[in-house]
$ cat input-v4.txt   # compact mmCIF, C-alpha atoms
# COMPACT_ATOMS: atom_id res chain seq x y z
CA MET A 1 -79.39 21.02 -9.06
CA SER A 2 -80.76 17.56 -8.27
CA VAL A 3 -80.34 16.07 -4.83
CA LYS A 4 -78.26 13.27 -6.32
CA LEU A 5 -75.88 15.75 -7.92
CA ASP A 6 -75.58 17.62 -4.60
CA VAL A 7 -74.66 14.38 -2.86
CA LEU A 8 -72.13 13.29 -5.47
CA THR A 9 -70.54 16.75 -5.53
CA GLN A 10 -70.02 16.58 -1.77
CA PHE A 11 -68.42 13.12 -2.04
CA GLU A 12 -65.92 14.46 -4.57
CA GLN A 13 -65.30 17.69 -2.67
CA VAL A 14 -64.70 16.03 0.71
CA ALA A 15 -62.48 13.32 -0.83
CA LYS A 16 -60.36 16.07 -2.36
CA GLU A 17 -60.16 18.08 0.87
CA GLN A 18 -59.31 15.05 2.96
CA LYS A 19 -56.83 13.77 0.34
CA ARG A 20 -58.65 10.48 -0.18
CA THR A 21 -58.73 8.45 -3.36
CA LEU A 22 -62.39 8.10 -4.23
CA ALA A 23 -63.59 4.90 -5.91
CA PRO A 24 -65.65 5.40 -9.11
CA LEU A 25 -69.09 6.54 -7.92
CA SER A 26 -71.89 4.14 -8.79
CA ASP A 27 -75.16 3.19 -7.10
CA ASP A 28 -73.85 -0.20 -5.96
CA LEU A 29 -70.60 1.20 -4.50
CA VAL A 30 -70.36 0.05 -0.87
CA LEU A 31 -69.66 3.16 1.23
CA LEU A 32 -67.02 1.35 3.27
CA ASP A 33 -65.14 0.70 0.00
CA SER A 34 -65.52 4.24 -1.31
CA GLY A 35 -62.16 5.37 0.03
CA LEU A 36 -63.84 7.61 2.62
CA ASP A 37 -63.83 6.90 6.35
CA SER A 38 -66.61 7.62 8.84
CA LEU A 39 -65.35 11.14 9.57
CA CYS A 40 -65.48 11.99 5.85
CA LEU A 41 -69.06 10.71 5.73
CA ALA A 42 -69.89 12.82 8.81
CA ILE A 43 -68.53 15.92 7.03
CA ILE A 44 -70.67 15.08 3.98
CA VAL A 45 -73.80 14.74 6.13
CA ALA A 46 -73.05 18.05 7.93
CA ARG A 47 -72.45 19.90 4.64
CA LEU A 48 -75.56 18.42 3.01
CA GLU A 49 -77.65 19.55 5.99
CA ASP A 50 -76.37 23.08 5.40
CA ALA A 51 -76.97 22.91 1.64
CA LEU A 52 -80.34 21.14 1.62
CA GLY A 53 -81.77 22.19 4.98
CA PHE A 54 -82.49 18.68 6.24
CA ASP A 55 -80.70 15.71 7.74
CA PRO A 56 -82.21 12.27 7.12
CA PHE A 57 -80.06 10.88 9.95
CA ALA A 58 -81.63 13.18 12.55
CA ALA A 59 -84.18 10.47 13.35
CA GLU A 60 -82.65 8.28 16.04
CA ASP A 61 -83.85 5.08 14.32
CA ALA A 62 -82.19 5.79 10.96
CA ASP A 63 -79.60 3.15 10.05
CA PHE A 64 -76.58 4.27 8.08
CA PRO A 65 -76.95 3.10 4.46
CA VAL A 66 -74.66 0.46 2.98
CA THR A 67 -74.29 1.59 -0.63
CA LEU A 68 -74.02 4.97 -2.33
CA GLY A 69 -77.35 4.26 -4.05
CA ASP A 70 -79.02 3.75 -0.63
CA PHE A 71 -77.39 6.96 0.63
CA VAL A 72 -78.67 9.01 -2.32
CA ARG A 73 -82.16 7.45 -2.04
CA LEU A 74 -82.34 8.44 1.64
CA TYR A 75 -81.74 12.08 0.67
CA GLU A 76 -84.13 11.93 -2.28
CA ASP A 77 -86.88 10.49 -0.06
CA ALA A 78 -86.23 13.12 2.61
CA ALA A 79 -86.34 15.86 -0.05
CA HIS A 80 -89.80 14.65 -1.15
CA ALA A 81 -90.98 14.52 2.47
CA ALA A 82 -89.60 17.98 3.32
CA PRO A 83 -92.30 20.64 3.72
CA MET B 84 -66.43 38.83 15.63
CA ARG B 85 -65.74 35.17 16.39
CA ASN B 86 -68.67 33.51 18.14
CA VAL B 87 -67.98 31.50 21.28
CA VAL B 88 -70.80 29.66 23.02
CA VAL B 89 -70.37 29.36 26.79
CA THR B 90 -72.77 27.05 28.59
CA GLY B 91 -73.70 28.04 32.12
CA GLY B 92 -72.54 31.55 31.25
CA SER B 93 -74.92 33.39 33.57
CA ARG B 94 -73.00 33.04 36.83
CA GLY B 95 -69.87 31.82 38.58
CA LEU B 96 -67.03 30.59 36.42
CA GLY B 97 -69.14 30.72 33.23
CA LEU B 98 -69.90 34.40 33.71
CA GLY B 99 -66.22 35.08 34.36
CA ILE B 100 -65.33 33.30 31.11
CA VAL B 101 -67.99 35.23 29.21
CA ARG B 102 -66.68 38.57 30.52
CA ARG B 103 -63.09 37.69 29.65
CA LEU B 104 -64.01 36.61 26.12
CA VAL B 105 -65.91 39.84 25.49
CA ASP B 106 -62.85 41.81 26.64
CA ALA B 107 -60.68 39.69 24.33
CA GLY B 108 -62.77 40.65 21.28
CA TYR B 109 -65.05 37.64 20.87
CA ARG B 110 -68.81 37.63 20.71
CA ALA B 111 -69.68 35.53 23.76
CA ILE B 112 -73.02 33.73 23.71
CA ALA B 113 -74.07 32.75 27.21
CA VAL B 114 -76.44 29.80 27.27
CA ALA B 115 -78.18 29.22 30.58
CA ARG B 116 -81.63 28.74 32.05
CA LYS B 117 -82.04 32.20 33.48
CA GLU B 118 -80.51 35.61 33.08
CA THR B 119 -79.00 36.66 36.40
CA PRO B 120 -78.60 40.29 37.58
CA ALA B 121 -74.82 39.88 37.19
CA LEU B 122 -75.22 38.77 33.56
CA THR B 123 -77.66 41.62 32.86
CA ALA B 124 -75.05 44.06 34.19
CA ALA B 125 -72.36 42.44 32.04
CA ILE B 126 -74.58 42.70 28.95
CA GLU B 127 -75.27 46.38 29.65
CA HIS B 128 -71.54 47.00 30.03
CA ALA B 129 -70.77 45.11 26.81
CA GLU B 130 -73.45 47.05 24.92
CA ARG B 131 -71.75 50.31 25.86
CA GLU B 132 -68.28 49.09 24.91
CA ARG B 133 -68.95 46.87 21.92
CA PRO B 134 -72.61 46.41 20.94
CA GLY B 135 -73.65 42.82 20.29
CA SER B 136 -70.56 41.31 21.88
CA LEU B 137 -72.44 39.58 24.71
CA GLN B 138 -75.62 37.66 24.00
CA PHE B 139 -77.84 35.64 26.28
CA VAL B 140 -79.77 32.64 25.00
CA PRO B 141 -82.16 31.10 27.55
CA PHE B 142 -82.07 27.32 27.38
CA ASP B 143 -82.30 24.40 29.79
CA LEU B 144 -79.29 22.22 28.98
CA ALA B 145 -80.99 19.23 30.59
CA GLU B 146 -83.33 19.19 27.57
CA ILE B 147 -81.08 16.86 25.59
CA ASP B 148 -83.57 16.31 22.75
CA ASP B 149 -83.62 20.04 21.96
CA LEU B 150 -79.84 20.53 21.75
CA GLY B 151 -79.78 20.02 17.96
CA ARG B 152 -82.39 22.75 17.53
CA LEU B 153 -80.43 25.03 19.87
CA VAL B 154 -77.30 24.76 17.71
CA LYS B 155 -79.31 25.39 14.55
CA ARG B 156 -80.81 28.50 16.14
CA LEU B 157 -77.41 29.77 17.30
CA ARG B 158 -75.97 29.43 13.79
CA ASN B 159 -79.00 31.09 12.22
CA ASP B 160 -78.95 34.00 14.67
CA PHE B 161 -75.21 34.59 15.01
CA GLY B 162 -73.41 32.81 12.14
CA PRO B 163 -70.63 30.20 12.35
CA ILE B 164 -69.68 28.99 15.82
CA TYR B 165 -65.92 29.38 16.31
CA GLY B 166 -65.72 28.13 19.87
CA LEU B 167 -67.66 26.10 22.41
CA VAL B 168 -66.92 26.19 26.13
CA ASN B 169 -68.66 23.34 27.90
CA ASN B 170 -68.81 24.90 31.34
CA ALA B 171 -72.31 24.25 32.70
CA ALA B 172 -72.34 21.71 35.51
CA VAL B 173 -73.92 21.00 38.83
CA GLY B 174 -71.82 20.11 41.84
CA PHE B 175 -73.85 18.88 44.76
CA ASP B 176 -71.98 16.57 47.07
CA GLY B 177 -72.93 13.70 49.31
CA ALA B 178 -71.84 10.21 50.27
CA LEU B 179 -72.52 7.87 47.37
CA ALA B 180 -74.08 5.30 49.71
CA ILE B 181 -76.99 7.61 50.52
CA MET B 182 -77.25 9.53 47.28
CA ARG B 183 -80.57 9.16 45.49
CA THR B 184 -80.39 7.58 42.05
CA ALA B 185 -82.28 10.57 40.68
CA GLN B 186 -79.50 12.86 41.92
CA ILE B 187 -76.83 10.67 40.38
CA GLU B 188 -78.75 10.69 37.13
CA GLN B 189 -79.13 14.47 37.21
CA LEU B 190 -75.40 14.94 37.71
CA VAL B 191 -74.55 12.63 34.82
CA ARG B 192 -77.21 14.19 32.59
CA LEU B 193 -76.05 17.78 33.11
CA ASN B 194 -72.31 17.26 33.52
CA THR B 195 -71.70 14.52 30.95
CA LEU B 196 -74.59 13.68 28.62
CA SER B 197 -75.58 17.27 27.86
CA PRO B 198 -72.07 18.51 26.91
CA LEU B 199 -71.45 15.36 24.83
CA VAL B 200 -74.62 15.78 22.79
CA LEU B 201 -74.19 19.56 22.49
CA THR B 202 -70.63 19.03 21.25
CA LYS B 203 -71.93 16.49 18.71
CA TYR B 204 -74.06 19.17 17.06
CA VAL B 205 -71.49 21.95 17.37
CA VAL B 206 -68.76 19.74 15.89
CA ARG B 207 -71.04 19.00 12.95
CA ALA B 208 -71.39 22.72 12.37
CA MET B 209 -67.62 23.18 12.70
CA MET B 210 -67.11 20.40 10.14
CA ALA B 211 -69.24 22.33 7.68
CA ASP B 212 -67.57 25.64 8.57
CA GLY B 213 -63.97 24.38 8.38
CA GLY B 214 -62.72 24.26 11.98
CA GLY B 215 -63.12 25.59 15.50
CA ARG B 216 -62.20 25.24 19.17
CA ILE B 217 -63.76 23.30 21.99
CA VAL B 218 -62.81 23.78 25.63
CA ASN B 219 -64.27 21.44 28.22
CA VAL B 220 -64.31 22.64 31.80
CA ALA B 221 -63.35 19.62 33.87
CA SER B 222 -62.01 19.74 37.43
CA ILE B 223 -59.00 18.49 39.36
CA ILE B 224 -61.54 16.28 41.18
CA GLY B 225 -61.59 14.27 37.93
CA PHE B 226 -58.07 13.01 38.71
CA THR B 227 -57.37 13.75 42.38
CA GLY B 228 -60.64 12.68 43.96
CA TYR B 229 -62.43 14.24 46.91
CA SER B 230 -64.58 12.57 49.52
CA GLY B 231 -68.25 13.24 48.88
CA LEU B 232 -67.73 14.11 45.22
CA SER B 233 -67.54 10.65 43.67
CA VAL B 234 -70.30 11.19 41.11
CA TYR B 235 -69.18 14.72 40.34
CA GLY B 236 -65.63 13.38 40.00
CA ALA B 237 -66.83 10.66 37.64
CA THR B 238 -68.53 13.21 35.39
CA LYS B 239 -65.45 15.42 35.34
CA ALA B 240 -63.16 12.47 34.56
CA SER B 241 -65.53 11.66 31.69
CA MET B 242 -64.85 15.11 30.21
CA LEU B 243 -61.12 14.40 30.25
CA GLY B 244 -61.52 11.13 28.36
CA PHE B 245 -63.92 12.79 25.97
CA THR B 246 -61.42 15.61 25.33
CA ARG B 247 -58.57 13.29 24.43
CA SER B 248 -60.50 11.02 22.06
CA LEU B 249 -62.47 13.76 20.36
CA ALA B 250 -59.25 15.72 19.78
CA ARG B 251 -57.92 12.73 17.83
CA GLU B 252 -61.18 12.30 15.93
CA VAL B 253 -61.64 15.87 14.70
CA GLY B 254 -58.05 17.14 14.61
CA ARG B 255 -57.72 16.77 10.88
CA LEU B 256 -60.76 19.01 10.42
CA GLY B 257 -59.00 21.87 12.16
CA VAL B 258 -60.96 21.49 15.39
CA ASN B 259 -58.89 21.72 18.59
CA VAL B 260 -60.34 20.10 21.71
CA ASN B 261 -58.87 20.80 25.13
CA ALA B 262 -59.89 20.79 28.77
CA VAL B 263 -59.29 23.11 31.67
CA ALA B 264 -59.15 21.55 35.12
CA PRO B 265 -59.75 24.17 37.80
CA GLY B 266 -59.07 23.49 41.43
CA PHE B 267 -61.42 24.84 44.09
CA VAL B 268 -62.42 28.31 42.90
CA ASP B 269 -64.50 30.74 44.93
CA THR B 270 -67.91 30.46 43.24
CA GLU B 271 -71.45 29.63 44.27
CA MET B 272 -70.64 25.97 43.68
CA THR B 273 -67.92 25.90 46.35
CA ARG B 274 -69.72 28.15 48.83
CA GLY B 275 -70.88 25.02 50.64
CA LEU B 276 -67.32 24.37 51.81
CA ASP B 277 -66.82 25.36 55.43
CA ASP B 278 -63.87 27.52 56.48
CA ALA B 279 -61.85 24.62 57.86
CA HIS B 280 -62.05 22.81 54.52
CA ARG B 281 -61.19 25.95 52.63
CA GLN B 282 -58.12 26.55 54.85
CA GLN B 283 -57.07 22.94 54.37
CA ILE B 284 -57.23 23.32 50.57
CA VAL B 285 -55.25 26.56 50.77
CA ARG B 286 -52.60 24.91 52.97
CA ARG B 287 -52.22 22.05 50.54
CA SER B 288 -51.83 24.32 47.52
CA ALA B 289 -48.31 25.18 46.39
CA LEU B 290 -49.20 28.86 46.05
CA ARG B 291 -51.03 28.90 49.43
CA ARG B 292 -54.24 30.32 47.95
CA LEU B 293 -57.20 29.38 45.76
CA PRO B 294 -57.21 30.28 42.08
CA ASP B 295 -59.86 32.85 41.20
CA VAL B 296 -62.39 32.93 38.38
CA ASP B 297 -60.18 35.18 36.24
CA ASP B 298 -57.29 32.70 36.43
CA VAL B 299 -59.49 30.01 34.91
CA ALA B 300 -61.06 32.41 32.39
CA HIS B 301 -57.57 33.38 31.17
CA ALA B 302 -56.73 29.71 30.58
CA VAL B 303 -59.92 29.26 28.54
CA GLU B 304 -59.11 32.41 26.55
CA PHE B 305 -55.62 31.08 25.83
CA LEU B 306 -56.94 27.74 24.56
CA LEU B 307 -59.41 29.53 22.28
CA GLY B 308 -56.81 31.90 20.91
CA ASP B 309 -54.47 31.72 17.91
CA LYS B 310 -51.46 31.19 20.19
CA ALA B 311 -52.88 27.77 21.15
CA ARG B 312 -53.28 26.62 17.55
CA SER B 313 -50.94 23.64 18.05
CA ILE B 314 -52.44 22.54 21.36
CA THR B 315 -55.10 19.86 21.31
CA GLY B 316 -56.13 16.88 23.41
CA THR B 317 -54.57 18.28 26.55
CA VAL B 318 -55.65 19.38 30.02
CA LEU B 319 -54.60 22.72 31.47
CA THR B 320 -54.73 22.58 35.28
CA VAL B 321 -55.45 25.86 37.08
CA ASP B 322 -55.39 25.02 40.79
CA ALA B 323 -52.68 27.17 42.39
CA GLY B 324 -50.64 23.99 42.70
CA ASN B 325 -53.18 22.02 44.72
CA SER B 326 -52.55 18.82 42.77
CA ALA B 327 -48.84 19.46 42.14

$ encode --input "input-v4.txt" --output "structure tokens"
Amino acid sequence: MSVKLDVLTQFEQVAKEQKRTLAPLSDDLVLLDSGLDSLCLAIIVARLEDALGFDPFAAEDADFPVTLGDFVRLYEDAAHAAP
Amino acid sequence: MRNVVVTGGSRGLGLGIVRRLVDAGYRAIAVARKETPALTAAIEHAERERPGSLQFVPFDLAEIDDLGRLVKRLRNDFGPIYGLVNNAAVGFDGALAIMRTAQIEQLVRLNTLSPLVLTKYVVRAMMADGGGRIVNVASIIGFTGYSGLSVYGATKASMLGFTRSLAREVGRLGVNVNAVAPGFVDTEMTRGLDDAHRQQIVRRSALRRLPDVDDVAHAVEFLLGDKARSITGTVLTVDAGNSA
């Protein structure tokens, strides 16, 4: 499964669990407008760390991305950098 | 076996909590710098009764940058973390006016910063695992005050504020967050009290005695248990009525 698919699956799963209406997922979707709040995003990051074995936000200087496309890219870049 | 991590679980109140949790059927994981003879004895006892139910993980909780790795290791070695008891703390006293800044910093680092950051990582794991329990060991000094314990009192009050807000933040994930506020309990931390002070505390307590370690450990066990499933964001005071 691609990293992008992993990320999108988690967005859909967490939205369902937290009973949130998820906006249509596209690269330019602003995360704040996705229908998820910061706690939902925290759950997604925690679950992705379990699934993928890394957390791109572990570095203290990492800014939280603005769009879904930025979010996915952060994970794809970290996947390439992972040993 | 449900895993419960107890910081400062090698002596005093932490060891009492660890022992109680093992008796109650949990796997208690004591995190502390050094294994004490009392903890070694408790582990030997637990091994005879229920092998694997008491584990010791050596770790210096002042090493804030390594707390994320500690939580990862705990999950790898033992599986999902059901409960976290933030118990480790230091309690040296002294008039604020002559306290060294390094001492103030050490108190805040161990009593406030370390449990906050540890909880951050444990809560993340609980988010992924679908729930859990956090019990913060505060102190009645956090709301009554005591001369010579201003910094200690500040750190304990910080745990109460932390408890209430975090309970609101993670409640919908099935994570309960509560605090226990012991009064003066007979442990190494309070051994510095002279007899006159001890008698004064006893006199001012409704039950005319000090609570013991087991009293506090029972309160922690209750908050971790299924019977406390609807309790979150609260403080359970165990002080024999000292602050009543």

$ interface_residues --input "input-v4.txt" --of "chain A" --to "chain B" --cutoff "10 Å" --atoms "only C-alpha atoms" --output "NGL selection string"
:A and (17-18 or 39-40 or 42-51 or 58)

$ write_last_selection --input "input-v4.txt" --atoms "C-alpha atoms" --output "CSV table (one decimal), in the frame of the given file"
chain,number,residue,atom,x,y,z
A,17,GLU,CA,-60.2,18.1,0.9
A,18,GLN,CA,-59.3,15.0,3.0
A,39,LEU,CA,-65.4,11.1,9.6
A,40,CYS,CA,-65.5,12.0,5.8
A,42,ALA,CA,-69.9,12.8,8.8
A,43,ILE,CA,-68.5,15.9,7.0
A,44,ILE,CA,-70.7,15.1,4.0
A,45,VAL,CA,-73.8,14.7,6.1
A,46,ALA,CA,-73.0,18.0,7.9
A,47,ARG,CA,-72.4,19.9,4.6
A,48,LEU,CA,-75.6,18.4,3.0
A,49,GLU,CA,-77.6,19.6,6.0
A,50,ASP,CA,-76.4,23.1,5.4
A,51,ALA,CA,-77.0,22.9,1.6
A,58,ALA,CA,-81.6,13.2,12.6

$ residues_around --input "input-v4.txt" --residues "segment 234-238 of chain B" --least-positions-apart "5" --cutoff "10 Å" --atoms "all atoms listed in the file" --output "PyMOL selection string"
chain B and resi 172-179+182+186-188+190-196+221-229+243

$ atom_distance --input "input-v4.txt" --atom1 "atom CA of Ser136 of chain B" --atom2 "atom CA of Arg110 of chain B"
4.2 Å

$ closest_residue --input "input-v4.txt" --among "A:Gly69, A:Thr9, A:Glu76, A:Leu36" --to "Leu22 of chain A" --atoms "all atoms listed in the file"
A:Leu36

$ residues_near_point --input "input-v4.txt" --point "(-84.4, 4.0, 4.8)" --cutoff "10 Å" --atoms "only C-alpha atoms" --output "number ranges by chain"
A: 56-57, 61-65, 70-71, 73-75, 77-78

$ atom_distance --input "input-v4.txt" --atom1 "atom CA of Asn169 of chain B" --atom2 "atom CA of Gly135 of chain B"
21.5 Å

$ atom_distance --input "input-v4.txt" --atom1 "atom CA of Leu150 of chain B" --atom2 "atom CA of Leu41 of chain A"
21.7 Å

$ closest_residue --input "input-v4.txt" --among "B:Pro134, B:Ile112, B:Pro120, B:Leu307" --to "Gly162 of chain B" --atoms "only C-alpha atoms"
B:Ile112

$ residues_around --input "input-v4.txt" --residues "Asp33 of chain A" --least-positions-apart "5" --cutoff "12 Å" --atoms "all atoms listed in the file" --output "JSON, numbers by chain"
{"A": [20, 21, 22, 23, 24, 25, 26, 28, 38, 66, 67, 68]}

$ residues_around --input "input-v4.txt" --residues "Gly214 of chain B" --least-positions-apart "6" --cutoff "8 Å" --atoms "all atoms listed in the file" --output "count of residues only"
4

$ residues_around --input "input-v4.txt" --residues "Glu146 of chain B" --least-positions-apart "3" --cutoff "12 Å" --atoms "all atoms listed in the file" --output "number ranges by chain"
B: 115-116, 141-143, 149-153, 189, 192-193, 196-198, 200-201

$ closest_residue --input "input-v4.txt" --among "B:Asn259, B:Ser313, B:Thr90, B:Ser326" --to "Leu293 of chain B" --atoms "all atoms listed in the file"
B:Ser326

$ closest_residue --input "input-v4.txt" --among "B:Ala171, B:Ala125, B:Ala107, B:Ala262" --to "Leu306 of chain B" --atoms "only C-alpha atoms"
B:Ala262

$ closest_residue --input "input-v4.txt" --among "A:Gly35, A:Val3, A:Ala79, A:Leu29" --to "Lys16 of chain A" --atoms "only C-alpha atoms"
A:Gly35

$ closest_residue --input "input-v4.txt" --among "A:Ala81, A:Ala59, A:Leu32, A:Leu52" --to "Leu5 of chain A" --atoms "only C-alpha atoms"
A:Leu52
